[in-house]
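Here is the structure we will look at.
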Amino acid sequence: MERRTFLGATTVSLAATQLAGPASRLRALDAYVWKVMYKWATHTHPNKPKHWVTARYFGVFNKARREPWVFGDSGRYLAEFSWTKIVRHQMVRGTSSVDDPALADYWRERRRKHKPAPAYAREPSGLA
């Protein structure tokens with residue numbers, strides 16, 4: 001029989017980070033996920049003290065990052081949202097179209113500055 005746990009109805013509130021940048025939003029998501037995982041761990045082990053739960057499920061699982069509050073177990077861990085590299089993209093000018101021959105120089109310059117990734121490094125474009 002499968003054992004299921006219910007954490008209750010929770011929602012992610014990003015209202016406090018509406019005017020903030022993407023890094024603070026990712027940190028807010030990390031805080032939310034940490035809270036949910038902590039609630040799950042304490043719910044799963046109701047007879048264990050909280051310091052046992054934190055020692056069991058949280059630690060430095062990614063040696064390169066040295067963050068002590070990463071959720072994981074036996075070599076596997078949950079990556080944090082804030083570890084995502086934020087990449088800024090240059091906006092395309094107003095009504096610029098690749099098909100417009102008058103803007104050929106503009107698109108040539110854009111492609112020269114930002115070369116696309118090689119085909120083997122890109123995600124597959126269709127379903128297999």
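Chain lettering (A, B, ...) mirrors the order of the structure tokens, residue numbering begins at 1 for each chain separately, and ligand numbering begins at 1 in order of display.
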
Distance query A:Val98 at most 8 Å, only C-alpha atoms, self and fewer than 5 positions along chain excluded, as JSON, numbers by chain
{"A": [103, 104, 107]}

Any idea what's packed within 8 Å of A:Glu80, counting only C-alpha atoms, ignoring anything in its chain fewer than 2 positions away? Could you give it as a list in words?
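These residues fall inside the cut-off: Asp30, Val70, Leu78, Ser82, Trp83 and Thr84 of chain A.
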
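Counting from atom CA of A:Arg76, the distance to atom CA of A:Asn62 is 9.0 Å.
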
Record the distance separating atom CA of A:Phe71 and atom CA of A:Phe58, expressed in Å with one decimal.
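Answer for the atom CA of A:Phe71 to atom CA of A:Phe58 separation: 4.7 Å.
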
So that I can check the surroundings of A:Val92, please list as a list in words every protein, DNA and RNA residue that reaches within 10 Å of it, counting only C-alpha atoms and ignoring chain neighbours fewer than 2 positions away.
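The residues that qualify are His89, Gln90, Gly94, Thr95, Ser96, Ser97, Tyr106, Trp107 and Arg110 of chain A.
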
Determine which residues of stretch 9-88 of chain A DSSP labels as strand (DSSP E) from the backbone of this structure, then write them out as a list in words.
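So the strand (DSSP E) residues in stretch 9-88 of chain A would be Phe58, Gly59, Val70, Phe71, Gly72, Asp73, Arg76 and Tyr77 of chain A.
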
Interatomic distance, atom CA of A:Trp52 to atom CA of A:Phe81 (Å, one decimal):
25.4 Å
